>>> print(open('final.csv').read())   # CSV, C-alpha atoms and all ligand atoms
chain,number,residue,atom,x,y,z
J,10,MET,CA,85.3,96.7,95.2
J,11,LYS,CA,88.8,96.7,96.6
J,12,LEU,CA,90.6,100.0,96.9
J,13,ILE,CA,94.3,99.7,96.0
J,14,GLU,CA,95.9,102.5,98.1
J,15,GLY,CA,99.4,103.6,97.3
J,16,LYS,CA,100.5,104.4,100.9
J,17,PRO,CA,100.9,100.9,102.4
J,18,ILE,CA,102.6,99.6,99.3
J,19,ALA,CA,104.9,102.6,99.2
J,20,GLU,CA,105.7,102.0,102.9
J,21,ALA,CA,106.7,98.4,102.0
J,22,VAL,CA,109.1,99.8,99.3
J,23,TYR,CA,110.5,102.3,101.9
J,24,ALA,CA,111.0,99.5,104.4
J,25,GLU,CA,113.1,97.6,101.8
J,26,CYS,CA,115.0,100.9,101.0
J,27,ALA,CA,115.7,101.4,104.7
J,28,LYS,CA,117.2,97.8,105.0
J,29,SER,CA,119.3,98.2,101.9
J,30,PHE,CA,120.4,101.7,103.0
J,31,ALA,CA,121.6,100.3,106.4
J,32,GLU,CA,123.6,97.7,104.6
J,33,LEU,CA,125.2,100.3,102.3
J,34,LYS,CA,125.9,102.6,105.3
J,35,ALA,CA,127.6,99.7,107.1
J,36,ALA,CA,129.8,99.2,104.1
J,37,GLY,CA,130.7,102.9,104.0
J,38,HIS,CA,128.4,104.1,101.2
J,39,THR,CA,125.7,106.8,101.4
J,40,PRO,CA,123.2,106.9,98.4
J,41,GLY,CA,122.9,110.4,96.9
J,42,LEU,CA,120.2,111.8,94.7
J,43,ALA,CA,120.5,115.1,92.7
J,44,VAL,CA,117.3,116.7,91.5
J,45,VAL,CA,117.6,119.4,88.9
J,46,LEU,CA,114.7,121.9,88.8
J,47,VAL,CA,114.6,124.4,85.9
J,48,GLY,CA,112.2,127.3,86.0
J,49,ASP,CA,109.5,128.0,88.5
J,50,ASP,CA,106.5,125.7,87.6
J,51,PRO,CA,104.7,125.3,91.0
J,52,ALA,CA,103.7,121.6,90.3
J,53,SER,CA,107.3,120.8,89.5
J,54,ARG,CA,108.5,122.6,92.6
J,55,ALA,CA,106.1,120.7,94.8
J,56,TYR,CA,107.2,117.3,93.3
J,57,VAL,CA,110.9,118.2,93.9
J,58,GLY,CA,110.0,119.2,97.5
J,59,SER,CA,108.5,115.8,98.1
J,60,LYS,CA,111.5,114.0,96.7
J,61,GLU,CA,113.9,116.0,98.9
J,62,ARG,CA,111.7,115.3,102.0
J,63,LYS,CA,111.7,111.6,101.3
J,64,CYS,CA,115.5,111.6,100.8
J,65,ARG,CA,116.0,113.3,104.2
J,66,GLU,CA,113.6,110.8,105.9
J,67,LEU,CA,115.6,107.9,104.5
J,68,GLY,CA,118.9,109.6,105.5
J,69,MET,CA,120.1,109.9,101.9
J,70,HIS,CA,122.4,112.5,100.6
J,71,SER,CA,120.2,114.9,98.6
J,72,VAL,CA,121.1,117.8,96.4
J,73,LYS,CA,118.6,120.2,94.7
J,74,ILE,CA,120.0,122.3,91.8
J,75,GLU,CA,117.7,125.1,90.8
J,76,LYS,CA,118.2,127.0,87.6
J,77,PRO,CA,116.2,129.8,85.9
J,78,ALA,CA,114.1,129.1,82.8
J,79,THR,CA,116.6,131.3,80.9
J,80,ILE,CA,119.4,128.7,81.3
J,81,SER,CA,121.0,127.7,78.0
J,82,GLN,CA,121.0,124.2,76.7
J,83,GLU,CA,124.8,124.1,77.0
J,84,GLU,CA,124.7,125.4,80.6
J,85,LEU,CA,122.2,122.7,81.5
J,86,HIS,CA,124.4,120.0,79.9
J,87,GLU,CA,127.3,121.3,82.1
J,88,VAL,CA,125.2,120.8,85.2
J,89,ILE,CA,124.5,117.2,84.2
J,90,GLU,CA,128.2,116.6,83.4
J,91,SER,CA,129.2,117.8,86.8
J,92,LEU,CA,126.7,115.6,88.5
J,93,ASN,CA,127.9,112.6,86.4
J,94,ALA,CA,131.4,113.3,87.7
J,95,ASP,CA,130.3,113.7,91.4
J,96,ASP,CA,131.0,110.5,93.3
J,97,ALA,CA,128.6,111.4,96.1
J,98,ILE,CA,125.7,111.3,93.6
J,99,HIS,CA,124.2,108.0,92.5
J,100,GLY,CA,121.0,109.2,90.9
J,101,ILE,CA,120.2,112.2,88.8
J,102,LEU,CA,116.6,113.3,88.1
J,103,VAL,CA,115.8,116.2,85.8
J,104,GLN,CA,112.3,117.3,86.7
J,105,LEU,CA,110.2,117.3,83.6
J,106,PRO,CA,108.7,119.1,81.7
J,107,LEU,CA,111.5,121.5,81.1
J,108,PRO,CA,110.6,125.1,80.2
J,109,LYS,CA,109.9,125.8,76.5
J,110,GLY,CA,113.1,126.2,74.3
J,111,LEU,CA,115.1,123.5,76.1
J,112,ASP,CA,115.5,120.1,74.5
J,113,GLU,CA,114.6,117.4,77.0
J,114,ASP,CA,115.9,114.5,74.9
J,115,GLN,CA,119.3,116.1,74.6
J,116,VAL,CA,119.5,116.6,78.4
J,117,ILE,CA,118.5,113.0,79.1
J,118,LEU,CA,121.1,111.8,76.7
J,119,ARG,CA,123.8,113.5,78.8
J,120,ILE,CA,122.9,111.7,82.0
J,121,ASP,CA,125.2,108.8,82.8
J,122,PRO,CA,122.9,105.7,82.3
J,123,ALA,CA,124.3,104.3,85.6
J,124,LYS,CA,122.8,107.4,87.4
J,125,ASP,CA,119.6,107.6,85.3
J,126,VAL,CA,117.2,106.6,88.1
J,127,ASP,CA,114.3,108.0,86.2
J,128,GLY,CA,114.9,105.3,83.5
J,129,LEU,CA,114.5,107.6,80.5
J,130,HIS,CA,118.0,107.3,78.9
J,131,PRO,CA,118.0,105.1,75.8
J,132,VAL,CA,120.4,102.7,77.4
J,133,ASN,CA,117.9,102.0,80.2
J,134,LEU,CA,114.9,102.0,77.9
J,135,GLY,CA,116.9,99.4,75.8
J,136,LYS,CA,117.6,97.3,78.9
J,137,LEU,CA,113.8,97.6,79.8
J,138,ALA,CA,113.0,96.2,76.3
J,139,MET,CA,115.7,93.5,76.7
J,140,GLU,CA,114.5,92.7,80.3
J,141,ASP,CA,118.1,93.3,81.5
J,142,PRO,CA,117.8,93.7,85.3
J,143,THR,CA,120.8,96.0,85.5
J,144,GLY,CA,118.8,98.8,84.0
J,145,PHE,CA,116.4,101.3,85.6
J,146,ALA,CA,112.7,101.2,84.6
J,147,PRO,CA,110.8,104.5,84.8
J,148,CYS,CA,109.4,105.1,88.2
J,149,THR,CA,105.7,105.5,87.6
J,150,PRO,CA,105.3,102.3,85.4
J,151,SER,CA,107.3,100.3,87.9
J,152,GLY,CA,105.1,101.7,90.7
J,153,CYS,CA,102.0,100.5,88.8
J,154,GLN,CA,103.4,97.1,88.4
J,155,ARG,CA,104.4,96.9,92.0
J,156,MET,CA,100.8,97.9,93.1
J,157,LEU,CA,99.4,95.0,91.0
J,158,ILE,CA,101.9,92.5,92.5
J,159,GLU,CA,101.4,93.6,96.1
J,160,SER,CA,97.6,93.6,95.7
J,161,GLY,CA,97.7,90.0,94.6
J,162,ILE,CA,96.3,90.8,91.1
J,163,GLU,CA,97.1,88.1,88.6
J,164,THR,CA,98.6,89.5,85.4
J,165,THR,CA,99.6,86.3,83.6
J,166,GLY,CA,97.5,85.8,80.5
J,167,LYS,CA,95.3,88.8,81.3
J,168,ASN,CA,94.2,91.4,78.8
J,169,VAL,CA,95.8,94.7,79.8
J,170,VAL,CA,94.7,97.9,78.0
J,171,ILE,CA,96.9,101.0,78.6
J,172,VAL,CA,95.4,104.3,77.5
J,173,GLY,CA,98.3,106.6,76.8
J,174,ARG,CA,101.6,106.0,74.9
J,175,SER,CA,104.1,108.3,76.5
J,176,LEU,CA,107.6,107.0,77.2
J,177,LEU,CA,107.3,108.2,80.8
J,178,VAL,CA,104.2,106.0,81.5
J,179,GLY,CA,102.2,104.1,78.8
J,180,LYS,CA,104.9,102.8,76.5
J,181,SER,CA,107.2,101.8,79.4
J,182,LEU,CA,104.4,100.1,81.3
J,183,ALA,CA,103.5,98.1,78.2
J,184,LEU,CA,107.1,96.8,78.0
J,185,LEU,CA,107.1,95.9,81.7
J,186,MET,CA,103.8,94.1,81.6
J,187,MET,CA,104.5,92.1,78.4
J,188,GLY,CA,107.7,90.9,80.0
J,189,LYS,CA,108.2,87.6,81.5
J,190,GLY,CA,108.6,88.4,85.3
J,191,GLU,CA,106.2,88.8,88.2
J,192,GLY,CA,103.4,91.3,87.5
J,193,ALA,CA,103.8,90.6,83.8
J,194,ASN,CA,103.2,87.9,81.2
J,195,ALA,CA,100.1,90.0,80.1
J,196,THR,CA,98.7,90.5,76.7
J,197,VAL,CA,99.1,94.2,76.3
J,198,THR,CA,97.3,96.7,74.0
J,199,VAL,CA,98.3,100.4,74.0
J,200,ALA,CA,95.6,102.9,73.0
J,201,HIS,CA,96.1,106.6,72.2
J,202,SER,CA,94.3,109.6,70.7
J,203,ARG,CA,94.0,107.9,67.3
J,204,THR,CA,92.5,104.7,68.6
J,205,LYS,CA,89.2,103.9,67.1
J,206,ASP,CA,86.2,103.0,69.3
J,207,LEU,CA,88.2,103.3,72.5
J,208,PRO,CA,85.3,102.2,74.8
J,209,ALA,CA,84.9,98.9,73.0
J,210,LEU,CA,88.7,98.3,73.3
J,211,THR,CA,88.9,99.3,77.0
J,212,ARG,CA,85.9,97.1,77.8
J,213,SER,CA,88.0,94.1,76.7
J,214,ALA,CA,90.5,94.9,79.5
J,215,ASP,CA,90.9,92.7,82.5
J,216,ILE,CA,93.3,95.4,83.7
J,217,LEU,CA,92.7,98.9,82.5
J,218,VAL,CA,95.4,101.6,83.0
J,219,ALA,CA,94.6,105.3,82.3
J,220,ALA,CA,97.6,107.6,81.6
J,221,ILE,CA,95.9,110.2,79.5
J,222,GLY,CA,96.0,113.6,81.3
J,223,ILE,CA,92.3,114.4,80.9
J,224,PRO,CA,90.3,114.7,84.1
J,225,LYS,CA,87.7,111.8,84.6
J,226,PHE,CA,88.0,110.8,81.0
J,227,ILE,CA,87.4,107.1,81.7
J,228,GLY,CA,83.7,106.5,82.6
J,229,PRO,CA,81.4,103.5,83.1
J,230,ASP,CA,81.1,102.8,79.3
J,231,HIS,CA,84.9,102.2,79.2
J,232,VAL,CA,85.1,99.6,82.0
J,233,LYS,CA,84.1,95.9,82.0
J,234,GLU,CA,82.3,94.6,85.1
J,235,GLY,CA,84.9,93.1,87.4
J,236,ALA,CA,87.9,94.9,85.8
J,237,VAL,CA,91.0,96.2,87.7
J,238,VAL,CA,91.5,99.9,87.1
J,239,ILE,CA,94.8,101.7,87.6
J,240,ASP,CA,94.5,105.5,87.4
J,241,VAL,CA,97.8,107.2,86.7
J,242,GLY,CA,96.3,110.6,86.0
J,243,ILE,CA,97.0,113.6,88.2
J,244,ASN,CA,94.9,116.6,87.1
J,245,ARG,CA,94.1,119.7,89.1
J,246,ILE,CA,90.5,120.9,88.6
J,247,ASP,CA,88.6,123.9,89.9
J,248,ASP,CA,86.5,123.2,93.0
J,249,PRO,CA,85.0,126.2,94.7
J,250,SER,CA,84.1,124.0,97.8
J,251,ALA,CA,87.8,123.1,98.3
J,252,LYS,CA,90.0,125.2,100.7
J,253,ASN,CA,92.3,126.5,97.9
J,254,GLY,CA,89.6,126.4,95.2
J,255,SER,CA,90.9,123.3,93.4
J,256,ARG,CA,91.5,119.6,93.9
J,257,LEU,CA,93.3,116.7,92.3
J,258,VAL,CA,91.4,114.1,90.2
J,259,GLY,CA,92.5,111.2,88.1
J,260,ASP,CA,91.9,110.3,84.5
J,261,VAL,CA,89.1,108.0,85.7
J,262,ASP,CA,85.7,109.1,86.9
J,263,PHE,CA,86.2,107.2,90.2
J,264,ASP,CA,82.7,107.7,91.6
J,265,ALA,CA,81.0,106.6,88.4
J,266,VAL,CA,83.2,103.6,87.8
J,267,ALA,CA,84.3,102.2,91.2
J,268,ASP,CA,81.2,100.0,91.8
J,269,GLN,CA,81.8,98.0,88.6
J,270,CYS,CA,85.5,97.3,89.4
J,271,GLU,CA,87.1,94.4,91.2
J,272,ALA,CA,89.8,96.8,92.3
J,273,ILE,CA,90.7,100.5,91.6
J,274,THR,CA,93.3,103.0,92.6
J,275,PRO,CA,92.2,106.3,94.1
J,276,VAL,CA,93.6,109.8,93.1
J,277,PRO,CA,95.1,111.2,95.2
J,278,GLY,CA,96.6,108.4,97.3
J,279,GLY,CA,97.2,105.9,94.5
J,280,VAL,CA,99.9,105.6,91.9
J,281,GLY,CA,101.3,109.0,92.8
J,282,ARG,CA,102.5,107.7,96.1
J,283,MET,CA,104.4,104.9,94.3
J,284,THR,CA,106.4,107.1,91.9
J,285,ILE,CA,108.6,108.7,94.6
J,286,ALA,CA,109.0,105.3,96.4
J,287,MET,CA,110.3,103.7,93.2
J,288,LEU,CA,112.7,106.7,92.6
J,289,MET,CA,114.2,106.1,96.1
J,290,ALA,CA,114.5,102.4,95.4
J,291,ASN,CA,116.2,103.0,92.0
J,292,THR,CA,118.7,105.5,93.7
J,293,ILE,CA,119.6,103.0,96.4
J,294,ARG,CA,120.0,100.3,93.7
J,295,ALA,CA,122.2,102.6,91.7
J,296,CYS,CA,124.4,103.0,94.8
J,297,ARG,CA,124.5,99.2,95.4
J,298,LEU,CA,125.5,98.6,91.8
J,299,LYS,CA,128.3,101.1,92.0
J,300,ALA,CA,129.5,99.7,95.3
J,301,GLY,CA,129.4,96.2,93.8
J,302,LEU,CA,126.9,94.9,96.4
T,1,LIG,P1,101.2,112.6,77.9
T,1,LIG,O1,100.5,113.9,77.6
T,1,LIG,O2,102.7,112.5,77.6
T,1,LIG,O3,100.5,111.4,77.2
T,1,LIG,C1,99.1,111.3,77.2
T,1,LIG,C2,98.7,110.2,76.3
T,1,LIG,O4,97.2,110.1,76.3
T,1,LIG,C3,99.1,110.3,74.9
T,1,LIG,O5,99.6,109.1,74.4
T,1,LIG,C4,97.8,110.7,74.2
T,1,LIG,O6,97.7,110.2,72.8
T,1,LIG,C5,96.8,110.0,75.0
T,1,LIG,N1,95.5,110.6,74.8
T,1,LIG,C6,95.2,111.9,74.9
T,1,LIG,N2,93.9,112.1,74.6
T,1,LIG,C7,93.4,110.9,74.4
T,1,LIG,C8,92.1,110.5,74.0
T,1,LIG,N3,91.1,111.3,73.8
T,1,LIG,N4,91.9,109.2,73.8
T,1,LIG,C9,92.9,108.3,74.0
T,1,LIG,N5,94.1,108.6,74.3
T,1,LIG,C10,94.4,110.0,74.5
T,1,LIG,O7,101.0,112.4,79.4
T,1,LIG,P2,101.8,111.5,80.5
T,1,LIG,O8,101.9,110.1,80.0
T,1,LIG,O9,103.1,112.1,80.9
T,1,LIG,O10,100.8,111.6,81.8
T,1,LIG,C11,99.5,111.0,81.7
T,1,LIG,C12,98.8,111.3,83.0
T,1,LIG,O11,99.5,110.7,84.1
T,1,LIG,C13,98.8,112.8,83.4
T,1,LIG,O12,97.6,113.1,84.1
T,1,LIG,C14,100.0,113.0,84.3
T,1,LIG,O13,99.8,114.1,85.2
T,1,LIG,C15,99.9,111.7,85.0
T,1,LIG,N6,101.2,111.3,85.6
T,1,LIG,C16,101.2,110.9,86.9
T,1,LIG,C17,102.3,110.4,87.5
T,1,LIG,C18,102.2,109.9,88.8
T,1,LIG,O14,103.2,109.9,89.5
T,1,LIG,N7,101.1,109.3,89.2
T,1,LIG,C19,103.6,110.5,86.8
T,1,LIG,C20,103.5,110.9,85.4
T,1,LIG,C21,102.4,111.3,84.8
T,1,LIG,P3,98.7,110.7,71.6
T,1,LIG,O15,100.0,110.1,71.9
T,1,LIG,O16,98.0,110.2,70.4
T,1,LIG,O17,98.7,112.2,71.8
>>> encode(input="final.csv", output="structure tokens")
Amino acid sequence: MKLIEGKPIAEAVYAECAKSFAELKAAGHTPGLAVVLVGDDPASRAYVGSKERKCRELGMHSVKIEKPATISQEELHEVIESLNADDAIHGILVQLPLPKGLDEDQVILRIDPAKDVDGLHPVNLGKLAMEDPTGFAPCTPSGCQRMLIESGIETTGKNVVIVGRSLLVGKSLALLMMGKGEGANATVTVAHSRTKDLPALTRSADILVAAIGIPKFIGPDHVKEGAVVIDVGINRIDDPSAKNGSRLVGDVDFDAVADQCEAITPVPGGVGRMTIAMLMANTIRACRLKAGL
């Protein structure tokens, strides 16, 4: 079994970012990312903190905008409009989920598609479907695809089963992998909570992707001998033996499944590492596109 770790692959993406960043700097441009955090969800705060840290490490301009959960929809739209108008900002990321009562779709619609580095605006989702390279693909699915490419896993003609149909992960990854480029040309099936006999379906997968949000949901019965398993899930579970009483696990029961896989991603240390790397790459590309480089 081969362990597909996120760190070395993310490092390769950061090395490309650093090279591109230096070229931009030499031409007088500094990529800038604005992250909008609404409310005080601790997990969202931690994700935003990691994004800020990575921006600083790369020398990028980084802005964090924090707003209380009581912000109105209109006030939040104004925040987005002002970032759209800010020439120092090339990427805007609204940390999801937003607190209850706020309409995420309406907020995403306000983001200038040229700054939508999370790839969730309909213009970018349309470009993803059309395989138009000027768009931005959502970061987690592009991270999964990059992991497959960098690990030398053939995707052409392979049966890929993705469990989970969210726009953020499953549906977008399906579009990427059924496309015609590298890390694609696959025959893709997307499963969800209404899928009948899920284990029989997932056992047909040469490459199985779990994006469900249920700890250790995928077990040995779901996985064909010799399959490649990509675990997108990030779930915090109680663990009295851990220092803070909890730990992160994926949607795959790693210990029960690993031996029957050709390759598998760990959690933590797998796909999660890639999401921020792809966000940085998208922001730098947004700056390049604006600069006409
Ligand atoms: P969502 O809750 O939006 O989607 C979950 C999907 O799983 C839905 O399509 C749902 O089906 C499906 N599902 C739920 N229960 C079952 C079941 N019993 N059998 C089959 N399918 C089921 O989650 P996300 O896509 O946003 O996230 C999925 C996981 O990935 C989470 O653990 C999340 O934390 C993690 N994640 C990790 C990221 C990273 O950077 N590594 C980034 C984003 C997410 P239905 O549509 O029918 O309800």
>>> residues_near_ligand(input="final.csv", ligand="ligand LIG 1 (chain T)", cutoff="6 Å", atoms="only C-alpha atoms and all ligand atoms", output="mmCIF file with C-alpha atoms, keeping the file's coordinate frame")
data_model
loop_
_atom_site.group_PDB
_atom_site.id
_atom_site.type_symbol
_atom_site.label_atom_id
_atom_site.label_comp_id
_atom_site.auth_asym_id
_atom_site.auth_seq_id
_atom_site.Cartn_x
_atom_site.Cartn_y
_atom_site.Cartn_z
ATOM 1 C CA THR J 149 105.700 105.500 87.600
ATOM 2 C CA VAL J 172 95.400 104.300 77.500
ATOM 3 C CA GLY J 173 98.300 106.600 76.800
ATOM 4 C CA ARG J 174 101.600 106.000 74.900
ATOM 5 C CA SER J 175 104.100 108.300 76.500
ATOM 6 C CA LEU J 177 107.300 108.200 80.800
ATOM 7 C CA VAL J 178 104.200 106.000 81.500
ATOM 8 C CA HIS J 201 96.100 106.600 72.200
ATOM 9 C CA SER J 202 94.300 109.600 70.700
ATOM 10 C CA ARG J 203 94.000 107.900 67.300
ATOM 11 C CA ALA J 220 97.600 107.600 81.600
ATOM 12 C CA ILE J 221 95.900 110.200 79.500
ATOM 13 C CA GLY J 222 96.000 113.600 81.300
ATOM 14 C CA VAL J 241 97.800 107.200 86.700
ATOM 15 C CA GLY J 242 96.300 110.600 86.000
ATOM 16 C CA ILE J 243 97.000 113.600 88.200
ATOM 17 C CA ASN J 244 94.900 116.600 87.100
ATOM 18 C CA VAL J 280 99.900 105.600 91.900
ATOM 19 C CA GLY J 281 101.300 109.000 92.800
ATOM 20 C CA THR J 284 106.400 107.100 91.900
#
>>> residues_near_point(input="final.csv", point="(89.0, 119.1, 86.5)", cutoff="12 Å", atoms="only C-alpha atoms", output="ChimeraX atom specification")
/J:222-226,242-249,254-262
>>> write_last_selection(input="final.csv", atoms="C-alpha atoms", output="JSON list (two decimals), keeping the file's coordinate frame")
[["chain", "number", "residue", "atom", "x", "y", "z"],
["J", 222, "GLY", "CA", 96.00, 113.60, 81.30],
["J", 223, "ILE", "CA", 92.30, 114.40, 80.90],
["J", 224, "PRO", "CA", 90.30, 114.70, 84.10],
["J", 225, "LYS", "CA", 87.70, 111.80, 84.60],
["J", 226, "PHE", "CA", 88.00, 110.80, 81.00],
["J", 242, "GLY", "CA", 96.30, 110.60, 86.00],
["J", 243, "ILE", "CA", 97.00, 113.60, 88.20],
["J", 244, "ASN", "CA", 94.90, 116.60, 87.10],
["J", 245, "ARG", "CA", 94.10, 119.70, 89.10],
["J", 246, "ILE", "CA", 90.50, 120.90, 88.60],
["J", 247, "ASP", "CA", 88.60, 123.90, 89.90],
["J", 248, "ASP", "CA", 86.50, 123.20, 93.00],
["J", 249, "PRO", "CA", 85.00, 126.20, 94.70],
["J", 254, "GLY", "CA", 89.60, 126.40, 95.20],
["J", 255, "SER", "CA", 90.90, 123.30, 93.40],
["J", 256, "ARG", "CA", 91.50, 119.60, 93.90],
["J", 257, "LEU", "CA", 93.30, 116.70, 92.30],
["J", 258, "VAL", "CA", 91.40, 114.10, 90.20],
["J", 259, "GLY", "CA", 92.50, 111.20, 88.10],
["J", 260, "ASP", "CA", 91.90, 110.30, 84.50],
["J", 261, "VAL", "CA", 89.10, 108.00, 85.70],
["J", 262, "ASP", "CA", 85.70, 109.10, 86.90]]
>>> residues_around(input="final.csv", residues="Arg212 (chain J)", least_positions_apart="6", cutoff="6 Å", atoms="only C-alpha atoms", output="PyMOL selection string")
chain J and resi 231-233
>>> atom_distance(input="final.csv", atom1="CA of Gly235 (chain J)", atom2="CA of Ala19 (chain J)")
25.1 Å
>>> closest_residue(input="final.csv", among="J:Leu105, J:Leu42, J:Ala200, J:Met69", to="Tyr56 (chain J)", atoms="only C-alpha atoms")
J:Leu105
>>> closest_atom_pairs(input="final.csv", of="region 165-222 of chain J", to="region 116-134 of chain J", cutoff="10 Å", atoms="only C-alpha atoms", output="CSV")
residue,atom,partner,partner_atom,distance
J:Leu176,CA,J:Leu129,CA,7.7
J:Leu177,CA,J:Leu129,CA,7.2
J:Ser181,CA,J:Leu134,CA,7.8
J:Leu184,CA,J:Leu134,CA,9.4
>>> residues_around(input="final.csv", residues="Ile18 (chain J)", least_positions_apart="4", cutoff="7 Å", atoms="all atoms listed in the file", output="JSON, numbers by chain")
{"J": [22, 156, 159]}
>>> closest_residue(input="final.csv", among="J:Val47, J:Glu61, J:Gly144, J:Glu25", to="Pro108 (chain J)", atoms="all atoms listed in the file")
J:Val47
>>> residues_around(input="final.csv", residues="Ala31 (chain J)", least_positions_apart="3", cutoff="12 Å", atoms="all atoms listed in the file", output="short mmCIF file (atom, residue, chain, number, x, y, z; two decimals) with C-alpha atoms, in the coordinates of the input")
data_model
loop_
_atom_site.label_atom_id
_atom_site.label_comp_id
_atom_site.auth_asym_id
_atom_site.auth_seq_id
_atom_site.Cartn_x
_atom_site.Cartn_y
_atom_site.Cartn_z
CA ALA J 24 111.00 99.50 104.40
CA GLU J 25 113.10 97.60 101.80
CA CYS J 26 115.00 100.90 101.00
CA ALA J 27 115.70 101.40 104.70
CA LYS J 28 117.20 97.80 105.00
CA LYS J 34 125.90 102.60 105.30
CA ALA J 35 127.60 99.70 107.10
CA ALA J 36 129.80 99.20 104.10
CA GLY J 37 130.70 102.90 104.00
CA HIS J 38 128.40 104.10 101.20
CA THR J 39 125.70 106.80 101.40
CA PRO J 40 123.20 106.90 98.40
CA LEU J 67 115.60 107.90 104.50
CA GLY J 68 118.90 109.60 105.50
CA MET J 69 120.10 109.90 101.90
CA ILE J 293 119.60 103.00 96.40
CA ARG J 297 124.50 99.20 95.40
#
>>> atom_distance(input="final.csv", atom1="CA of Leu111 (chain J)", atom2="CA of Ala55 (chain J)")
20.9 Å
>>> closest_residue(input="final.csv", among="J:Gly100, J:Gly152, J:Gly48, J:Gly179", to="Ala286 (chain J)", atoms="only C-alpha atoms")
J:Gly152
>>> closest_residue(input="final.csv", among="J:Leu92, J:Leu185, J:Leu302, J:Met287", to="Asp141 (chain J)", atoms="only C-alpha atoms")
J:Leu185
>>> atom_distance(input="final.csv", atom1="CA of Gly190 (chain J)", atom2="CA of Ala236 (chain J)")
21.7 Å
>>> closest_residue(input="final.csv", among="J:Ala193, J:Leu217, J:Ile285, J:Ile162", to="Ile13 (chain J)", atoms="all atoms listed in the file")
J:Ile162
>>> closest_residue(input="final.csv", among="J:Val170, J:Leu182, J:Leu288, J:Val237", to="Leu207 (chain J)", atoms="only C-alpha atoms")
J:Val170
>>> residues_around(input="final.csv", residues="Ile273 (chain J)", least_positions_apart="2", cutoff="9 Å", atoms="all atoms listed in the file", output="NGL selection string")
:J and (10-14 or 236-240 or 263 or 266-267 or 270-271 or 275 or 279)
>>> residues_around(input="final.csv", residues="Pro51 (chain J)", least_positions_apart="5", cutoff="12 Å", atoms="only C-alpha atoms", output="PyMOL selection string")
chain J and resi 46+56-58+104+106
>>> build_atoms(input="final.csv", residues="region 80-84 of chain J", atoms="all heavy atoms", output="mmCIF file, keeping the file's coordinate frame")
data_model
loop_
_atom_site.group_PDB
_atom_site.id
_atom_site.type_symbol
_atom_site.label_atom_id
_atom_site.label_comp_id
_atom_site.auth_asym_id
_atom_site.auth_seq_id
_atom_site.Cartn_x
_atom_site.Cartn_y
_atom_site.Cartn_z
ATOM 1 N N ILE J 80 118.159 129.474 81.488
ATOM 2 C CA ILE J 80 119.400 128.700 81.300
ATOM 3 C C ILE J 80 119.537 128.239 79.872
ATOM 4 O O ILE J 80 118.530 127.887 79.248
ATOM 5 C CB ILE J 80 119.492 127.533 82.321
ATOM 6 C CG1 ILE J 80 120.900 126.914 82.338
ATOM 7 C CG2 ILE J 80 118.446 126.469 81.986
ATOM 8 C CD1 ILE J 80 121.100 125.876 83.443
ATOM 9 N N SER J 81 120.782 128.230 79.366
ATOM 10 C CA SER J 81 121.000 127.700 78.000
ATOM 11 C C SER J 81 121.075 126.221 77.993
ATOM 12 O O SER J 81 121.381 125.616 79.027
ATOM 13 C CB SER J 81 122.205 128.358 77.359
ATOM 14 O OG SER J 81 123.356 127.799 77.966
ATOM 15 N N GLN J 82 120.862 125.649 76.838
ATOM 16 C CA GLN J 82 121.000 124.200 76.700
ATOM 17 C C GLN J 82 122.370 123.738 77.127
ATOM 18 O O GLN J 82 122.507 122.761 77.871
ATOM 19 C CB GLN J 82 120.717 123.845 75.209
ATOM 20 C CG GLN J 82 120.631 122.374 74.902
ATOM 21 C CD GLN J 82 119.271 121.762 75.260
ATOM 22 O OE1 GLN J 82 118.245 122.407 75.141
ATOM 23 N NE2 GLN J 82 119.274 120.534 75.733
ATOM 24 N N GLU J 83 123.404 124.505 76.697
ATOM 25 C CA GLU J 83 124.800 124.100 77.000
ATOM 26 C C GLU J 83 125.045 124.185 78.505
ATOM 27 O O GLU J 83 125.685 123.294 79.079
ATOM 28 C CB GLU J 83 125.799 125.015 76.265
ATOM 29 C CG GLU J 83 125.854 124.816 74.766
ATOM 30 C CD GLU J 83 124.560 125.226 74.051
ATOM 31 O OE1 GLU J 83 123.876 126.180 74.529
ATOM 32 O OE2 GLU J 83 124.207 124.593 73.046
ATOM 33 N N GLU J 84 124.525 125.239 79.158
ATOM 34 C CA GLU J 84 124.700 125.400 80.600
ATOM 35 C C GLU J 84 124.069 124.190 81.348
ATOM 36 O O GLU J 84 124.618 123.657 82.315
ATOM 37 C CB GLU J 84 124.154 126.686 81.124
ATOM 38 C CG GLU J 84 125.023 127.891 80.798
ATOM 39 C CD GLU J 84 124.292 129.200 81.081
ATOM 40 O OE1 GLU J 84 123.074 129.300 80.811
ATOM 41 O OE2 GLU J 84 124.938 130.134 81.563
#
